[in-house]
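One structure is given below, encoded as structure tokens.
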Amino acid sequence: MERFFALPDDLRSKILVHFESEIRTRAKRVEALEEMPDGPNSPGDAPSSILTFAMVHPDGAPFSAVETASLRARLRSPRTTSSATDPTFQQIFHIGQPVAIGRKTAVRICVSAPMISAIAERIVQGESLEVAFVQWGRNLDALFEKWRRLIEQAFAHRCVAPFVSTEYERRI
């Protein structure tokens with residue numbers, strides 16, 4: 001946190017604004033993702049380090065808490081039962097745990113203080129914000145591609161089976 005708070009406020013803010021923009025751009029490419037509004041205790045116009053998304057089926061029905069938890073578990077897993085060798089499914093992504101917001105269940109994506117610090121240090125060394133963000137942009141691209149494909153699998157099955165972590169549990 002010392003690295004983070006040692007950064008100029010305007011640089012931290014600039015990185016957060018860029019982060020928000022990059023997340024929203026990618027989320028808009030996944031039709032089933034719906035950004036949830038900030039809560040009443042949000043800082044207003046200040047950039048946010050956390051963005052919240054719910055998932056909806058093609059008929060507009062929100063993903064259930066079980067479906068959301070299952071999909072989140074699959075994002076955290078390096079493979080799924082149907083795509084063990086697909087490189088899209090090999091990466092592990094950590095997003096926030098499911099939370100109920102009204103009748104929807106949402107997950108959160110956040111930028112961490114170490115991520116902001118790493119980007120800021122590259123900017124201080126002379127890189128542009130866009131160049132300093134490239135590595136994180138690739139990670140976001142991979143996250144949203146895996147997320148999109150898992151949502152498509154959920155649509156195909158309409159009800160995602162609970163995530164199972166062992167071969168034995170998969171056979172049951």
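Here's how to read the names in the structure tokens: chain A, B, ... by the order shown, residue numbers from 1 in each chain, ligand numbers from 1 in the order shown.
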
I need the helix (DSSP H, G or I) residues of segment 6-112 of chain A per DSSP on the backbone, written as a ChimeraX atom specification.
/A:6,9-28,65-75,87-89

Tell me which protein, DNA and RNA residues are within 12 Å of Thr105 of chain A, counting only C-alpha atoms, leaving out same-chain ones fewer than 4 positions away, and put them as an MDAnalysis selection string.
chainID A and resid 33:36 52:56 61:72 96:101

How would the residues just picked look written out with C-alpha atoms as a CSV table (one decimal), in the first residue's frame?
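Contents of result.csv, freshly written:
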chain,number,residue,atom,x,y,z
A,33,LEU,CA,-23.3,-9.1,-19.2
A,34,GLU,CA,-25.2,-6.3,-17.5
A,35,GLU,CA,-23.3,-3.7,-15.6
A,36,MET,CA,-24.9,-2.9,-12.3
A,52,THR,CA,-20.2,-5.1,-10.9
A,53,PHE,CA,-21.8,-7.3,-13.5
A,54,ALA,CA,-24.8,-9.6,-13.5
A,55,MET,CA,-25.4,-12.2,-16.2
A,56,VAL,CA,-28.7,-12.6,-18.0
A,61,ALA,CA,-33.9,-14.0,-17.0
A,62,PRO,CA,-31.0,-13.3,-14.6
A,63,PHE,CA,-28.6,-16.1,-13.9
A,64,SER,CA,-29.5,-17.7,-10.6
A,65,ALA,CA,-27.2,-17.6,-7.6
A,66,VAL,CA,-26.2,-21.2,-8.3
A,67,GLU,CA,-25.5,-20.5,-12.0
A,68,THR,CA,-23.4,-17.4,-11.1
A,69,ALA,CA,-21.4,-19.3,-8.5
A,70,SER,CA,-20.8,-22.2,-10.9
A,71,LEU,CA,-19.6,-19.9,-13.7
A,72,ARG,CA,-17.3,-18.0,-11.3
A,96,GLY,CA,-15.4,-11.2,-6.7
A,97,GLN,CA,-17.7,-13.7,-5.2
A,98,PRO,CA,-21.4,-13.6,-6.2
A,99,VAL,CA,-23.6,-11.0,-4.3
A,100,ALA,CA,-27.3,-10.6,-4.5
A,101,ILE,CA,-28.4,-7.2,-5.9

Can you measure atom CA of Arg149 of chain A to atom CA of Glu31 of chain A for me? One decimal in Å is fine.
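These two atoms are separated by 11.6 Å.
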
If you take only C-alpha atoms and a cut-off of 12 Å, which residues of segment 4-109 of chain A touch segment 116-133 of chain A, and what are their nearest atom pairs and distances in Å to one decimal, in chain and number order, as JSON lines?
{"residue": "A:Phe4", "atom": "CA", "partner": "A:Ser117", "partner_atom": "CA", "distance": 5.4}
{"residue": "A:Phe5", "atom": "CA", "partner": "A:Ser117", "partner_atom": "CA", "distance": 8.9}
{"residue": "A:Ala6", "atom": "CA", "partner": "A:Ser117", "partner_atom": "CA", "distance": 9.1}
{"residue": "A:Leu7", "atom": "CA", "partner": "A:Ala120", "partner_atom": "CA", "distance": 7.5}
{"residue": "A:Pro8", "atom": "CA", "partner": "A:Ala120", "partner_atom": "CA", "distance": 9.3}
{"residue": "A:Asp9", "atom": "CA", "partner": "A:Ala120", "partner_atom": "CA", "distance": 11.0}
{"residue": "A:Asp10", "atom": "CA", "partner": "A:Ala120", "partner_atom": "CA", "distance": 10.7}
{"residue": "A:Leu11", "atom": "CA", "partner": "A:Ala120", "partner_atom": "CA", "distance": 7.0}
{"residue": "A:Arg12", "atom": "CA", "partner": "A:Ile116", "partner_atom": "CA", "distance": 6.9}
{"residue": "A:Ser13", "atom": "CA", "partner": "A:Ile116", "partner_atom": "CA", "distance": 9.6}
{"residue": "A:Lys14", "atom": "CA", "partner": "A:Leu129", "partner_atom": "CA", "distance": 8.6}
{"residue": "A:Ile15", "atom": "CA", "partner": "A:Ile116", "partner_atom": "CA", "distance": 6.7}
{"residue": "A:Leu16", "atom": "CA", "partner": "A:Ile116", "partner_atom": "CA", "distance": 7.8}
{"residue": "A:Val17", "atom": "CA", "partner": "A:Leu129", "partner_atom": "CA", "distance": 11.0}
{"residue": "A:His18", "atom": "CA", "partner": "A:Leu129", "partner_atom": "CA", "distance": 8.3}
{"residue": "A:Phe19", "atom": "CA", "partner": "A:Phe133", "partner_atom": "CA", "distance": 8.7}
{"residue": "A:Ser21", "atom": "CA", "partner": "A:Glu130", "partner_atom": "CA", "distance": 11.8}
{"residue": "A:Glu22", "atom": "CA", "partner": "A:Phe133", "partner_atom": "CA", "distance": 9.7}
{"residue": "A:Ser49", "atom": "CA", "partner": "A:Ile116", "partner_atom": "CA", "distance": 9.7}

At a cut-off of 10 Å, using only C-alpha atoms, what residues contact Leu140 of chain A? Leave out same-chain residues fewer than 4 positions from it and give the result as a compact mmCIF listing (two decimals) with C-alpha atoms, in the first residue's frame.
# COMPACT_ATOMS: atom_id res chain seq x y z
CA PHE A 19 -9.26 0.65 -16.15
CA GLU A 22 -11.19 -0.93 -20.69
CA ILE A 23 -13.46 -3.14 -18.57
CA ARG A 26 -14.81 -5.53 -23.13
CA ALA A 27 -18.02 -6.13 -21.16
CA PHE A 93 -9.25 -15.70 -13.24
CA VAL A 134 -0.92 -3.65 -22.52
CA GLN A 135 -0.15 -6.64 -20.26
CA TRP A 136 -3.30 -6.04 -18.20
CA PHE A 144 -13.74 -11.78 -21.11
CA GLU A 145 -13.22 -14.41 -23.82
CA LYS A 146 -13.35 -17.22 -21.26

Students should find that atom CA of Asp45 of chain A and atom CA of Arg3 of chain A are spaced 24.4 Å

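Residues of segment 48-172 of chain A that DSSP places in strand (DSSP E or B), based on the backbone of this structure, are Ile50, Leu51, Thr52, Phe53, Ala54, Met55, Val56, Pro62, Val99, Ala100, Ile101, Lys104, Thr105, Ala106, Val107, Arg108, Ile109 and Cys110 of chain A.
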
Let me see the file: selected residues, C-alpha atoms, as a JSON list (two decimals), in the first residue's frame.
[["chain", "number", "residue", "atom", "x", "y", "z"],
["A", 50, "ILE", "CA", -14.63, -2.10, -8.69],
["A", 51, "LEU", "CA", -17.18, -2.77, -11.42],
["A", 52, "THR", "CA", -20.16, -5.05, -10.85],
["A", 53, "PHE", "CA", -21.79, -7.27, -13.48],
["A", 54, "ALA", "CA", -24.81, -9.56, -13.53],
["A", 55, "MET", "CA", -25.38, -12.15, -16.21],
["A", 56, "VAL", "CA", -28.66, -12.64, -18.03],
["A", 62, "PRO", "CA", -31.00, -13.32, -14.65],
["A", 99, "VAL", "CA", -23.55, -11.04, -4.35],
["A", 100, "ALA", "CA", -27.30, -10.56, -4.47],
["A", 101, "ILE", "CA", -28.42, -7.23, -5.88],
["A", 104, "LYS", "CA", -30.01, -10.57, -9.63],
["A", 105, "THR", "CA", -26.74, -12.14, -8.58],
["A", 106, "ALA", "CA", -23.65, -10.23, -9.62],
["A", 107, "VAL", "CA", -19.88, -10.59, -9.54],
["A", 108, "ARG", "CA", -17.28, -7.87, -9.31],
["A", 109, "ILE", "CA", -14.10, -7.14, -11.20],
["A", 110, "CYS", "CA", -11.57, -4.97, -9.43]]

Atom CA of Asp38 of chain A and atom CA of Arg24 of chain A, how far apart in Å?
13.7 Å

At a cut-off of 9 Å, using only C-alpha atoms, what residues contact segment 76-78 of chain A? Leave out same-chain residues fewer than 5 positions from it and give the result as a ChimeraX atom specification.
/A:71,84,89-95,165

Expected file: the selected residues, N, CA and C atoms, as an mmCIF file, in the first residue's frame:
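So the final result, stored in again06.cif, reads:
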data_model
loop_
_atom_site.group_PDB
_atom_site.id
_atom_site.type_symbol
_atom_site.label_atom_id
_atom_site.label_comp_id
_atom_site.auth_asym_id
_atom_site.auth_seq_id
_atom_site.Cartn_x
_atom_site.Cartn_y
_atom_site.Cartn_z
ATOM 1 N N LEU A 71 -20.420 -20.515 -12.629
ATOM 2 C CA LEU A 71 -19.635 -19.873 -13.672
ATOM 3 C C LEU A 71 -18.383 -19.229 -13.076
ATOM 4 N N ALA A 84 -10.925 -29.426 -21.822
ATOM 5 C CA ALA A 84 -9.697 -29.604 -21.050
ATOM 6 C C ALA A 84 -8.449 -29.090 -21.754
ATOM 7 N N PHE A 89 -9.490 -21.906 -21.932
ATOM 8 C CA PHE A 89 -9.924 -22.358 -20.620
ATOM 9 C C PHE A 89 -8.765 -22.675 -19.673
ATOM 10 N N GLN A 90 -7.541 -22.502 -20.100
ATOM 11 C CA GLN A 90 -6.403 -22.846 -19.253
ATOM 12 C C GLN A 90 -6.087 -21.771 -18.213
ATOM 13 N N GLN A 91 -6.398 -20.528 -18.489
ATOM 14 C CA GLN A 91 -6.091 -19.463 -17.540
ATOM 15 C C GLN A 91 -7.071 -19.463 -16.376
ATOM 16 N N ILE A 92 -6.573 -19.019 -15.240
ATOM 17 C CA ILE A 92 -7.375 -18.911 -14.026
ATOM 18 C C ILE A 92 -7.629 -17.434 -13.774
ATOM 19 N N PHE A 93 -8.881 -17.092 -13.500
ATOM 20 C CA PHE A 93 -9.249 -15.700 -13.235
ATOM 21 C C PHE A 93 -9.984 -15.605 -11.911
ATOM 22 N N HIS A 94 -9.604 -14.635 -11.142
ATOM 23 C CA HIS A 94 -10.235 -14.410 -9.846
ATOM 24 C C HIS A 94 -11.088 -13.151 -9.929
ATOM 25 N N ILE A 95 -12.377 -13.333 -9.824
ATOM 26 C CA ILE A 95 -13.288 -12.201 -9.749
ATOM 27 C C ILE A 95 -14.028 -12.323 -8.421
ATOM 28 N N SER A 165 -14.724 -30.553 -8.737
ATOM 29 C CA SER A 165 -13.290 -30.371 -8.862
ATOM 30 C C SER A 165 -12.498 -31.647 -9.040
#

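For the choices A:Pro87, A:Glu20, A:Asp59, A:Pro47, the atom-to-atom distance to Gly137 of chain A is smallest for A:Glu20 when using only C-alpha atoms.
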
My list of candidates is A:Ala46, A:Val30, A:Thr25, A:Leu75. Which is closest to Pro58 of chain A when distances are computed with only C-alpha atoms?
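For Pro58 of chain A, the nearest of the candidates is A:Val30.
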
Among listed residues A:His57, A:Ala32, A:Trp147, A:Val111, nearest Ala73 of chain A (using only C-alpha atoms):
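Answer, going by the shortest atom-to-atom distance: A:Trp147.
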